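One structure is given here, and the rest of the page talks about it.
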Amino acid sequence: MNDQLVAIQADALARIQAASSVDELTAIGQEVLGKRSDLVGLRKQLGGLDEATRKAAGEALNATTQAIKAAMADREGGLAGAERTARYEAERLDLTEVVDPPSVGHLHIVTQTWQALEDIFVGMGYGVAEGPEIETDWYNFEALNIPDSHPARSMWDTLWVDTDDADGHPMLLRTHTSNVQIHVMQAQEPPIYVVAPGRTYRRDTTDATHLPVFHQIEGLVVDKGITMADLAGTIQAFTQAYFGQEFESRLRPSYFPFTEPSAEFDIRPPGGDWLELGGCGMVHPNVFRHVGIDPEEWTGFAFGFGIDRLAKVRYAVDDLREFVTSDVRFLEQF
Ligand code: FA5
C-alpha cells in the first residue's frame with residue numbers, strides 16, 4: 001500500500017501544481033480526494049488487514065491525504081490571488097484620463113425663461129398660482145367681463161373642446177392665463193399678489209411671432225389704494241430685472257374687457273424693433289363683482305405677458321417656431 005500511496009501523492013501533487021484555475025483545482029480535488037478516489041478505495045481495504053499493519057497503513061493514508069489537502073490549499077491561495085489581480089487589472093479605470101462627461105441635456109429655453117420670470121416675481125414678494133388648461137367659458141370669458149356674443153370674444157380665436165362641464169358650461173382650451181385671476185380671487189381674500197405662468201392655446205396662424213400653443217405669465221395684485229402708477233412701476237422694475245437697463249419699454253393705451261383702463265406693454269432691444277409682450281390694466285369692477293370682492297374697497301391691476309415672446313427677445317431668436325422644432329443644434333445654444 002505504501003508504494004501506491006507514494007504514487008498517488010506524487011501524481012496528485014503534480015496535477016495540483018499544474019492546475020491553472022480555481023475551478024480546475026476543485027475538479028482535481030474531487031478526483032483525488034472524493035468518494036470514488038483511489039485514496040478512498042485504499043481506505044476501504046484497511047478493514048482486511050491485521051491490526052499492526054492496519055495502524056501503520058492508516059497513518060500513512062492520513063499523511064498522504066493531509067499532504068494533498070495542504071498542497072490544494074496552498075495552490076488555491078495562489079490561484080485565487082492571481083485571478084483577483086487579473087480581474088482588478090481588467091476593471092482598472094484610469095482616473096487621470098480626460099473623458100468628455102456624457103451629455104445629460106438641460107431645460108428647454110422656454111422652461112428656463114418661465115423659471116427666471118417666476119424667480120423675479122417671487123423676489124418681489126409674489127406667490128405663484130396655477131389654473132386648469134381645459135377650462136369652462138365662464139372662467140375664460142364670462143367672469144372676465146366678456147359675455148357670450150360680446151364682440152371682444154373674437155380677440156381670442158378659441159379652440160373649443162367637444163364637451164360641456166357638469167353644469168352645462170361649454171369647455172375650451174384656455175386662450176390666456178387670465179382664467180387663473182378668477183380662480184385665485186375665489187380661493188383667497190385680498191390682499192393678493194400672485195403670478196400664474198402656464199400654457200395657453202389659440203387658433204392662431206403660426207408665424208414668426210405666433211404659435212398655436214404658447215405660454216403666458218399672468219400677474220394679479222389686489223390691495224387697498226392700488227393705482228395705475230403701481231402697475232407702471234411694477235412693469236418697469238420687471239423689465240429692468242429681466243432684460244437689463246439697455247432695453248426700452250413702453251405702455252400703449254389698449255382695450256381688454258377685464259381691465260379699465262387697459263394698456264399694451266412693448267419692449268425694444270438696443271437697435272431693434274418694438275415687440276408687443278403683453279397686456280395689462282386696472283382690474284375691471286365687474287370682474288371683482290363676479291368673485292364677490294367689493295370694488296369700492298379694493299382696487300388692483302393685472303397683466304399677462306407671452307413667455308415665448310420674452311424668450312425670443314431676450315435670446316435674440318428670429319422665429320418662435322424654432323422653440324418647437326426640437327432641433328438639438330438650436331436648443332443646445334441656450
Ligand atoms: C391677453 O391674453 C390678455 N389676457 C392679457 C392681459 C392680462 C391683459 C391681464 C390685461 C390684464 P393678448 O391676447 O394680447 O392678451 O396676449 C398677451 C400676450 O401673449 C401677447 O402680447 C403675446 O406676447 C402673447 N401671445 C398672444 N398670442 C400668441 C401666440 N399665438 N403665440 C405666442 N405668443 C402669443
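The chains in the C-alpha cells are called A, B, ... from first to last as shown; in each chain the residues are counted from 1, and the ligands are counted from 1 in the order shown.
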Ala241 (chain A): which residues within 12 Å, counting only C-alpha atoms, same-chain residues fewer than 3 positions away excluded, as a list in words?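 That gives Ala116, Leu117, Glu118, Asp119, Ile120, Phe121, Gly123, Met124, Thr234, Ile235, Gln236, Ala237, Phe238, Gly244, Gln245, Glu246, Phe247 and Arg314 of chain A.
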Please produce a file of those selected residues containing C-alpha atoms, as a PDB file, in the first residue's frame.
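Done, and the output landed in result09.pdb:
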ATOM      1  CA  ALA A 116     -36.474  83.017 -14.386  1.00  0.00           C
ATOM      2  CA  LEU A 117     -39.701  85.068 -14.559  1.00  0.00           C
ATOM      3  CA  GLU A 118     -41.152  83.244 -11.584  1.00  0.00           C
ATOM      4  CA  ASP A 119     -37.946  83.943  -9.643  1.00  0.00           C
ATOM      5  CA  ILE A 120     -38.117  87.669 -10.390  1.00  0.00           C
ATOM      6  CA  PHE A 121     -41.700  87.978  -9.158  1.00  0.00           C
ATOM      7  CA  GLY A 123     -38.224  88.075  -5.335  1.00  0.00           C
ATOM      8  CA  MET A 124     -40.710  90.962  -5.465  1.00  0.00           C
ATOM      9  CA  THR A 234     -44.022  97.049 -11.419  1.00  0.00           C
ATOM     10  CA  ILE A 235     -43.631  96.590 -15.166  1.00  0.00           C
ATOM     11  CA  GLN A 236     -40.610  98.850 -15.260  1.00  0.00           C
ATOM     12  CA  ALA A 237     -38.987  97.028 -12.327  1.00  0.00           C
ATOM     13  CA  PHE A 238     -39.650  93.706 -14.025  1.00  0.00           C
ATOM     14  CA  GLY A 244     -31.275  94.874 -18.136  1.00  0.00           C
ATOM     15  CA  GLN A 245     -31.032  98.671 -18.386  1.00  0.00           C
ATOM     16  CA  GLU A 246     -30.314  98.815 -22.126  1.00  0.00           C
ATOM     17  CA  PHE A 247     -33.816  97.626 -23.117  1.00  0.00           C
ATOM     18  CA  ARG A 314     -34.055  88.085 -24.587  1.00  0.00           C
TER      19      ARG A 314
END
Protein and nucleic residues near ligand 1, 8 Å, only C-alpha atoms and all ligand atoms, as a short mmCIF file (atom, residue, chain, number, x, y, z; two decimals) with all heavy atoms, in the first residue's frame:
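Wrote it out as part04.cif, contents follow:
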data_model
loop_
_atom_site.label_atom_id
_atom_site.label_comp_id
_atom_site.auth_asym_id
_atom_site.auth_seq_id
_atom_site.Cartn_x
_atom_site.Cartn_y
_atom_site.Cartn_z
N MET A 155 -61.38 88.58 -30.08
CA MET A 155 -59.96 88.88 -29.86
C MET A 155 -59.17 87.60 -29.64
O MET A 155 -57.95 87.58 -29.78
CB MET A 155 -59.78 89.77 -28.61
CG MET A 155 -60.28 91.20 -28.79
SD MET A 155 -60.38 92.07 -27.20
CE MET A 155 -58.67 92.38 -26.82
N TRP A 156 -59.84 86.55 -29.19
CA TRP A 156 -59.14 85.29 -28.91
C TRP A 156 -59.76 84.19 -29.74
O TRP A 156 -60.91 83.80 -29.51
CB TRP A 156 -59.23 84.95 -27.42
CG TRP A 156 -58.53 85.97 -26.60
CD1 TRP A 156 -57.19 86.03 -26.35
CD2 TRP A 156 -59.11 87.10 -25.93
NE1 TRP A 156 -56.90 87.12 -25.56
CE2 TRP A 156 -58.05 87.80 -25.29
CE3 TRP A 156 -60.41 87.60 -25.81
CZ2 TRP A 156 -58.25 88.95 -24.55
CZ3 TRP A 156 -60.60 88.76 -25.08
CH2 TRP A 156 -59.55 89.43 -24.46
N THR A 175 -57.51 80.41 -23.55
CA THR A 175 -56.86 81.26 -24.55
C THR A 175 -55.83 82.18 -23.90
O THR A 175 -55.05 82.82 -24.58
CB THR A 175 -57.90 82.14 -25.28
OG1 THR A 175 -58.59 82.94 -24.29
CG2 THR A 175 -58.91 81.29 -26.02
N HIS A 176 -55.89 82.27 -22.58
CA HIS A 176 -54.92 83.09 -21.84
C HIS A 176 -54.86 82.57 -20.40
O HIS A 176 -55.69 81.74 -20.00
CB HIS A 176 -55.29 84.58 -21.88
CG HIS A 176 -56.73 84.89 -21.56
ND1 HIS A 176 -57.28 86.13 -21.73
CD2 HIS A 176 -57.75 84.11 -21.10
CE1 HIS A 176 -58.55 86.12 -21.37
NE2 HIS A 176 -58.86 84.91 -20.98
N THR A 177 -53.88 83.08 -19.64
CA THR A 177 -53.79 82.66 -18.23
C THR A 177 -54.69 83.52 -17.35
O THR A 177 -54.69 83.35 -16.13
CB THR A 177 -52.33 82.76 -17.75
OG1 THR A 177 -51.77 83.98 -18.22
CG2 THR A 177 -51.50 81.59 -18.22
N SER A 178 -55.49 84.42 -17.94
CA SER A 178 -56.35 85.30 -17.13
C SER A 178 -57.41 84.52 -16.36
O SER A 178 -57.94 85.02 -15.37
CB SER A 178 -57.01 86.35 -18.02
OG SER A 178 -56.03 87.16 -18.62
N TYR A 201 -53.59 78.36 -25.42
CA TYR A 201 -53.88 77.79 -26.75
C TYR A 201 -54.73 78.77 -27.57
O TYR A 201 -55.69 79.34 -27.03
CB TYR A 201 -54.69 76.50 -26.59
CG TYR A 201 -54.04 75.46 -25.72
CD1 TYR A 201 -54.16 75.54 -24.33
CD2 TYR A 201 -53.33 74.41 -26.26
CE1 TYR A 201 -53.57 74.59 -23.51
CE2 TYR A 201 -52.74 73.44 -25.46
CZ TYR A 201 -52.86 73.54 -24.08
OH TYR A 201 -52.29 72.61 -23.27
N ARG A 202 -54.39 78.92 -28.82
CA ARG A 202 -55.24 79.75 -29.71
C ARG A 202 -55.23 79.20 -31.12
O ARG A 202 -54.22 78.64 -31.56
CB ARG A 202 -54.73 81.19 -29.74
CG ARG A 202 -55.14 81.95 -28.53
CD ARG A 202 -54.78 83.40 -28.61
NE ARG A 202 -54.68 83.90 -27.24
CZ ARG A 202 -54.33 85.12 -26.91
NH1 ARG A 202 -54.05 85.99 -27.86
NH2 ARG A 202 -54.27 85.46 -25.65
N ARG A 203 -56.33 79.45 -31.83
CA ARG A 203 -56.41 79.03 -33.23
C ARG A 203 -55.73 80.10 -34.09
O ARG A 203 -56.31 80.61 -35.04
CB ARG A 203 -57.89 78.89 -33.60
CG ARG A 203 -58.19 77.74 -34.53
CD ARG A 203 -59.59 77.20 -34.30
NE ARG A 203 -60.60 78.25 -34.21
CZ ARG A 203 -61.27 78.74 -35.25
NH1 ARG A 203 -61.05 78.29 -36.45
NH2 ARG A 203 -62.16 79.69 -35.08
N ASP A 204 -54.50 80.48 -33.71
CA ASP A 204 -53.75 81.50 -34.45
C ASP A 204 -52.99 80.82 -35.59
O ASP A 204 -52.55 79.68 -35.46
CB ASP A 204 -52.72 82.18 -33.53
CG ASP A 204 -53.36 83.24 -32.66
OD1 ASP A 204 -54.49 83.64 -32.95
OD2 ASP A 204 -52.71 83.66 -31.68
N THR A 205 -52.81 81.56 -36.69
CA THR A 205 -51.97 81.04 -37.76
C THR A 205 -50.51 81.15 -37.31
O THR A 205 -50.08 82.21 -36.85
CB THR A 205 -52.19 81.87 -39.04
OG1 THR A 205 -53.59 81.86 -39.31
CG2 THR A 205 -51.44 81.28 -40.21
N THR A 206 -49.80 80.06 -37.44
CA THR A 206 -48.41 80.02 -36.97
C THR A 206 -47.53 80.91 -37.85
O THR A 206 -47.59 80.84 -39.07
CB THR A 206 -47.90 78.56 -37.01
OG1 THR A 206 -48.81 77.77 -36.29
CG2 THR A 206 -46.52 78.45 -36.44
N THR A 209 -44.03 85.09 -34.91
CA THR A 209 -44.36 85.59 -33.57
C THR A 209 -45.62 84.94 -32.99
O THR A 209 -46.10 85.37 -31.95
CB THR A 209 -44.55 87.13 -33.58
OG1 THR A 209 -45.52 87.46 -34.59
CG2 THR A 209 -43.25 87.85 -33.87
N HIS A 210 -46.16 83.94 -33.66
CA HIS A 210 -47.37 83.26 -33.15
C HIS A 210 -47.21 81.74 -33.20
O HIS A 210 -46.79 81.19 -34.22
CB HIS A 210 -48.59 83.62 -34.00
CG HIS A 210 -48.99 85.04 -33.87
ND1 HIS A 210 -48.42 86.04 -34.61
CD2 HIS A 210 -49.91 85.64 -33.07
CE1 HIS A 210 -48.97 87.21 -34.28
NE2 HIS A 210 -49.87 86.99 -33.34
N LEU A 211 -47.60 81.11 -32.09
CA LEU A 211 -47.69 79.65 -32.04
C LEU A 211 -49.11 79.31 -31.60
O LEU A 211 -49.72 80.08 -30.85
CB LEU A 211 -46.70 79.08 -31.02
CG LEU A 211 -45.21 79.26 -31.31
CD1 LEU A 211 -44.38 78.80 -30.13
CD2 LEU A 211 -44.81 78.49 -32.56
N PRO A 212 -49.63 78.16 -31.99
CA PRO A 212 -50.98 77.78 -31.51
C PRO A 212 -50.97 77.36 -30.04
O PRO A 212 -51.96 77.52 -29.35
CB PRO A 212 -51.37 76.60 -32.41
CG PRO A 212 -50.10 76.11 -33.00
CD PRO A 212 -49.11 77.23 -33.00
N VAL A 213 -49.83 76.85 -29.59
CA VAL A 213 -49.66 76.52 -28.17
C VAL A 213 -48.49 77.36 -27.68
O VAL A 213 -47.39 77.27 -28.23
CB VAL A 213 -49.34 75.02 -27.97
CG1 VAL A 213 -49.17 74.71 -26.49
CG2 VAL A 213 -50.42 74.15 -28.58
N PHE A 214 -48.74 78.24 -26.73
CA PHE A 214 -47.67 79.12 -26.25
C PHE A 214 -47.81 79.27 -24.75
O PHE A 214 -48.56 78.52 -24.11
CB PHE A 214 -47.71 80.46 -27.01
CG PHE A 214 -49.01 81.21 -26.90
CD1 PHE A 214 -49.12 82.31 -26.06
CD2 PHE A 214 -50.12 80.82 -27.62
CE1 PHE A 214 -50.32 83.01 -25.94
CE2 PHE A 214 -51.34 81.51 -27.51
CZ PHE A 214 -51.43 82.60 -26.67
N HIS A 215 -47.07 80.19 -24.17
CA HIS A 215 -47.07 80.32 -22.70
C HIS A 215 -47.25 81.78 -22.31
O HIS A 215 -46.73 82.67 -22.98
CB HIS A 215 -45.76 79.80 -22.12
CG HIS A 215 -45.45 78.40 -22.50
ND1 HIS A 215 -44.90 78.06 -23.71
CD2 HIS A 215 -45.67 77.23 -21.85
CE1 HIS A 215 -44.77 76.75 -23.78
NE2 HIS A 215 -45.23 76.22 -22.67
N GLN A 216 -47.98 81.97 -21.25
CA GLN A 216 -48.12 83.32 -20.70
C GLN A 216 -47.79 83.30 -19.22
O GLN A 216 -47.84 82.26 -18.58
CB GLN A 216 -49.57 83.83 -20.85
CG GLN A 216 -49.99 84.10 -22.28
CD GLN A 216 -51.36 84.78 -22.34
OE1 GLN A 216 -52.14 84.72 -21.40
NE2 GLN A 216 -51.65 85.39 -23.47
N GLU A 218 -49.30 85.40 -16.02
CA GLU A 218 -50.30 86.35 -15.57
C GLU A 218 -49.83 86.94 -14.26
O GLU A 218 -49.19 86.26 -13.45
CB GLU A 218 -51.61 85.56 -15.32
CG GLU A 218 -52.83 86.42 -15.16
CD GLU A 218 -53.39 86.87 -16.50
OE1 GLU A 218 -52.90 86.38 -17.56
OE2 GLU A 218 -54.31 87.70 -16.52
N GLY A 219 -50.16 88.20 -14.03
CA GLY A 219 -49.90 88.81 -12.73
C GLY A 219 -51.19 89.40 -12.20
O GLY A 219 -52.01 89.91 -12.98
N LEU A 220 -51.41 89.30 -10.90
CA LEU A 220 -52.61 89.89 -10.31
C LEU A 220 -52.26 90.46 -8.94
O LEU A 220 -51.68 89.77 -8.10
CB LEU A 220 -53.71 88.83 -10.16
CG LEU A 220 -54.97 89.31 -9.42
CD1 LEU A 220 -55.74 90.33 -10.25
CD2 LEU A 220 -55.88 88.12 -9.06
N PHE A 256 -58.89 95.84 -23.07
CA PHE A 256 -59.24 94.48 -22.65
C PHE A 256 -60.52 94.61 -21.83
O PHE A 256 -60.63 95.53 -21.01
CB PHE A 256 -58.13 93.86 -21.79
CG PHE A 256 -56.86 93.61 -22.54
CD1 PHE A 256 -55.80 94.50 -22.45
CD2 PHE A 256 -56.71 92.49 -23.36
CE1 PHE A 256 -54.62 94.30 -23.16
CE2 PHE A 256 -55.54 92.29 -24.07
CZ PHE A 256 -54.49 93.19 -23.97
N PHE A 258 -61.54 93.02 -19.33
CA PHE A 258 -61.40 92.75 -17.89
C PHE A 258 -60.52 93.76 -17.18
O PHE A 258 -60.27 93.64 -15.99
CB PHE A 258 -60.88 91.32 -17.65
CG PHE A 258 -59.91 90.84 -18.71
CD1 PHE A 258 -58.55 91.01 -18.55
CD2 PHE A 258 -60.38 90.21 -19.85
CE1 PHE A 258 -57.67 90.57 -19.53
CE2 PHE A 258 -59.51 89.77 -20.84
CZ PHE A 258 -58.16 89.94 -20.68
N THR A 259 -60.00 94.77 -17.91
CA THR A 259 -59.23 95.84 -17.25
C THR A 259 -59.72 97.19 -17.76
O THR A 259 -60.12 97.33 -18.93
CB THR A 259 -57.72 95.70 -17.52
OG1 THR A 259 -57.51 95.44 -18.90
CG2 THR A 259 -57.10 94.60 -16.69
N SER A 262 -56.86 100.02 -19.82
CA SER A 262 -56.01 98.91 -20.29
C SER A 262 -54.82 99.47 -21.08
O SER A 262 -54.90 100.58 -21.62
CB SER A 262 -56.79 97.99 -21.22
OG SER A 262 -57.94 97.49 -20.58
N ALA A 263 -53.78 98.68 -21.12
CA ALA A 263 -52.60 99.10 -21.89
C ALA A 263 -51.92 97.87 -22.48
O ALA A 263 -52.12 96.76 -22.02
CB ALA A 263 -51.62 99.84 -20.98
N GLU A 264 -51.13 98.12 -23.51
CA GLU A 264 -50.29 97.06 -24.05
C GLU A 264 -48.85 97.41 -23.71
O GLU A 264 -48.48 98.59 -23.62
CB GLU A 264 -50.48 96.93 -25.57
CG GLU A 264 -50.62 95.49 -25.99
CD GLU A 264 -51.84 95.26 -26.89
OE1 GLU A 264 -52.35 96.22 -27.48
OE2 GLU A 264 -52.26 94.10 -27.00
N PHE A 265 -48.06 96.38 -23.48
CA PHE A 265 -46.70 96.56 -23.00
C PHE A 265 -45.75 96.11 -24.11
O PHE A 265 -45.81 94.97 -24.55
CB PHE A 265 -46.56 95.70 -21.73
CG PHE A 265 -45.17 95.45 -21.27
CD1 PHE A 265 -44.29 96.50 -21.03
CD2 PHE A 265 -44.72 94.15 -21.05
CE1 PHE A 265 -43.01 96.25 -20.59
CE2 PHE A 265 -43.45 93.89 -20.60
CZ PHE A 265 -42.59 94.95 -20.38
N GLU A 276 -44.63 93.58 -29.09
CA GLU A 276 -45.64 93.53 -28.05
C GLU A 276 -45.43 92.29 -27.18
O GLU A 276 -45.34 91.18 -27.69
CB GLU A 276 -47.01 93.47 -28.73
CG GLU A 276 -48.15 93.23 -27.78
CD GLU A 276 -49.34 92.62 -28.52
OE1 GLU A 276 -49.72 93.17 -29.57
OE2 GLU A 276 -49.85 91.60 -28.05
N LEU A 277 -45.32 92.52 -25.89
CA LEU A 277 -45.10 91.38 -24.98
C LEU A 277 -46.35 90.99 -24.21
O LEU A 277 -46.49 89.85 -23.81
CB LEU A 277 -44.01 91.72 -23.96
CG LEU A 277 -42.58 91.63 -24.43
CD1 LEU A 277 -41.65 91.81 -23.25
CD2 LEU A 277 -42.30 90.31 -25.11
N GLY A 278 -47.23 91.96 -23.97
CA GLY A 278 -48.40 91.59 -23.19
C GLY A 278 -49.36 92.73 -22.98
O GLY A 278 -49.14 93.85 -23.44
N GLY A 279 -50.45 92.38 -22.29
CA GLY A 279 -51.47 93.37 -21.96
C GLY A 279 -51.53 93.55 -20.46
O GLY A 279 -51.08 92.70 -19.69
N CYS A 280 -52.12 94.69 -20.04
CA CYS A 280 -52.23 94.95 -18.61
C CYS A 280 -53.29 96.01 -18.37
O CYS A 280 -53.82 96.61 -19.31
CB CYS A 280 -50.88 95.38 -18.05
SG CYS A 280 -50.17 96.83 -18.86
N GLY A 281 -53.58 96.24 -17.13
CA GLY A 281 -54.55 97.30 -16.80
C GLY A 281 -55.06 97.15 -15.39
O GLY A 281 -54.64 96.24 -14.65
N MET A 282 -55.98 98.05 -15.02
CA MET A 282 -56.58 98.00 -13.69
C MET A 282 -57.78 97.05 -13.73
O MET A 282 -58.61 97.14 -14.64
CB MET A 282 -57.04 99.41 -13.28
CG MET A 282 -55.92 100.45 -13.26
SD MET A 282 -54.53 99.99 -12.21
CE MET A 282 -55.28 100.10 -10.59
N VAL A 283 -57.86 96.16 -12.74
CA VAL A 283 -58.93 95.14 -12.74
C VAL A 283 -60.30 95.84 -12.82
O VAL A 283 -60.60 96.77 -12.06
CB VAL A 283 -58.85 94.27 -11.47
CG1 VAL A 283 -59.98 93.24 -11.46
CG2 VAL A 283 -57.50 93.57 -11.38
N PHE A 301 -54.41 95.61 -10.12
CA PHE A 301 -54.01 95.56 -11.53
C PHE A 301 -53.69 94.13 -11.93
O PHE A 301 -53.49 93.25 -11.07
CB PHE A 301 -52.81 96.50 -11.81
CG PHE A 301 -51.52 96.15 -11.13
CD1 PHE A 301 -50.73 95.07 -11.56
CD2 PHE A 301 -51.04 96.93 -10.07
CE1 PHE A 301 -49.52 94.78 -10.93
CE2 PHE A 301 -49.84 96.64 -9.44
CZ PHE A 301 -49.08 95.57 -9.87
N ALA A 302 -53.71 93.92 -13.25
CA ALA A 302 -53.38 92.58 -13.78
C ALA A 302 -52.55 92.77 -15.04
O ALA A 302 -52.60 93.82 -15.68
CB ALA A 302 -54.66 91.81 -14.10
N PHE A 303 -51.74 91.78 -15.33
CA PHE A 303 -51.00 91.79 -16.60
C PHE A 303 -50.86 90.36 -17.11
O PHE A 303 -51.01 89.41 -16.35
CB PHE A 303 -49.62 92.45 -16.44
CG PHE A 303 -48.74 91.83 -15.38
CD1 PHE A 303 -48.02 90.67 -15.63
CD2 PHE A 303 -48.64 92.41 -14.12
CE1 PHE A 303 -47.21 90.11 -14.66
CE2 PHE A 303 -47.83 91.86 -13.13
CZ PHE A 303 -47.11 90.70 -13.39
N GLY A 304 -50.63 90.24 -18.40
CA GLY A 304 -50.38 88.92 -19.00
C GLY A 304 -49.36 89.07 -20.11
O GLY A 304 -49.59 89.80 -21.08
N PHE A 305 -48.20 88.41 -19.94
CA PHE A 305 -47.12 88.50 -20.93
C PHE A 305 -46.95 87.16 -21.63
O PHE A 305 -47.17 86.11 -21.03
CB PHE A 305 -45.76 88.80 -20.28
CG PHE A 305 -45.71 90.02 -19.42
CD1 PHE A 305 -44.80 90.09 -18.37
CD2 PHE A 305 -46.54 91.11 -19.67
CE1 PHE A 305 -44.73 91.23 -17.58
CE2 PHE A 305 -46.47 92.24 -18.87
CZ PHE A 305 -45.56 92.30 -17.82
N GLY A 306 -46.47 87.22 -22.87
CA GLY A 306 -46.13 85.99 -23.58
C GLY A 306 -44.73 85.55 -23.21
O GLY A 306 -43.75 86.25 -23.47
N ILE A 307 -44.61 84.36 -22.59
CA ILE A 307 -43.28 83.88 -22.15
C ILE A 307 -42.40 83.57 -23.35
O ILE A 307 -41.21 83.91 -23.38
CB ILE A 307 -43.43 82.63 -21.25
CG1 ILE A 307 -44.17 83.00 -19.97
CG2 ILE A 307 -42.06 82.03 -20.94
CD1 ILE A 307 -44.37 81.84 -19.00
N ASP A 308 -42.99 82.97 -24.39
CA ASP A 308 -42.20 82.62 -25.59
C ASP A 308 -41.66 83.90 -26.25
O ASP A 308 -40.52 83.97 -26.68
CB ASP A 308 -43.07 81.85 -26.59
CG ASP A 308 -43.92 80.81 -25.90
OD1 ASP A 308 -44.94 81.20 -25.27
OD2 ASP A 308 -43.56 79.63 -25.94
N ARG A 309 -42.52 84.93 -26.28
CA ARG A 309 -42.08 86.20 -26.88
C ARG A 309 -40.96 86.83 -26.03
O ARG A 309 -40.03 87.42 -26.57
CB ARG A 309 -43.25 87.17 -26.95
CG ARG A 309 -44.34 86.73 -27.90
CD ARG A 309 -44.41 87.57 -29.14
NE ARG A 309 -45.56 87.18 -29.92
CZ ARG A 309 -46.63 87.94 -30.10
NH1 ARG A 309 -46.68 89.14 -29.56
NH2 ARG A 309 -47.62 87.51 -30.83
N LEU A 310 -41.06 86.72 -24.71
CA LEU A 310 -40.00 87.25 -23.85
C LEU A 310 -38.68 86.54 -24.15
O LEU A 310 -37.63 87.18 -24.29
CB LEU A 310 -40.36 87.02 -22.38
CG LEU A 310 -41.30 88.04 -21.75
CD1 LEU A 310 -41.96 87.47 -20.52
CD2 LEU A 310 -40.54 89.29 -21.38
N LEU A 320 -40.29 82.23 -33.48
CA LEU A 320 -40.80 81.41 -32.36
C LEU A 320 -40.88 79.93 -32.71
O LEU A 320 -40.81 79.07 -31.83
CB LEU A 320 -42.22 81.86 -31.97
CG LEU A 320 -42.41 83.08 -31.09
CD1 LEU A 320 -43.84 83.16 -30.62
CD2 LEU A 320 -41.47 83.03 -29.89
#
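Reported to one decimal place, the separation of CA of Asn140 (chain A) from CA of Glu189 (chain A) is 20.6 Å.
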Find the residue from A:Thr136, A:Gln115, A:Gln66, A:Gln17 that sits nearest to Leu79 (chain A); use only C-alpha atoms when measuring.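 So, comparing all the options, the nearest one is A:Gln17.
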Atom-to-atom span, CA of Leu49 (chain A) and CA of Ile28 (chain A), Å: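 One can read the CA of Leu49 (chain A) to CA of Ile28 (chain A) distance as 29.2 Å.
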Within 9 Å of Glu297 (chain A), counting only C-alpha atoms, which residues qualify if same-chain residues fewer than 2 places away don't, as a PyMOL selection string? chain A and resi 223-225+293-295+299
As number ranges by chain, please: all residues of region 13-246 of chain A that backbone DSSP puts in strand (DSSP E). A: 127-128, 134-136, 159-164, 170-173, 192-201, 213-223
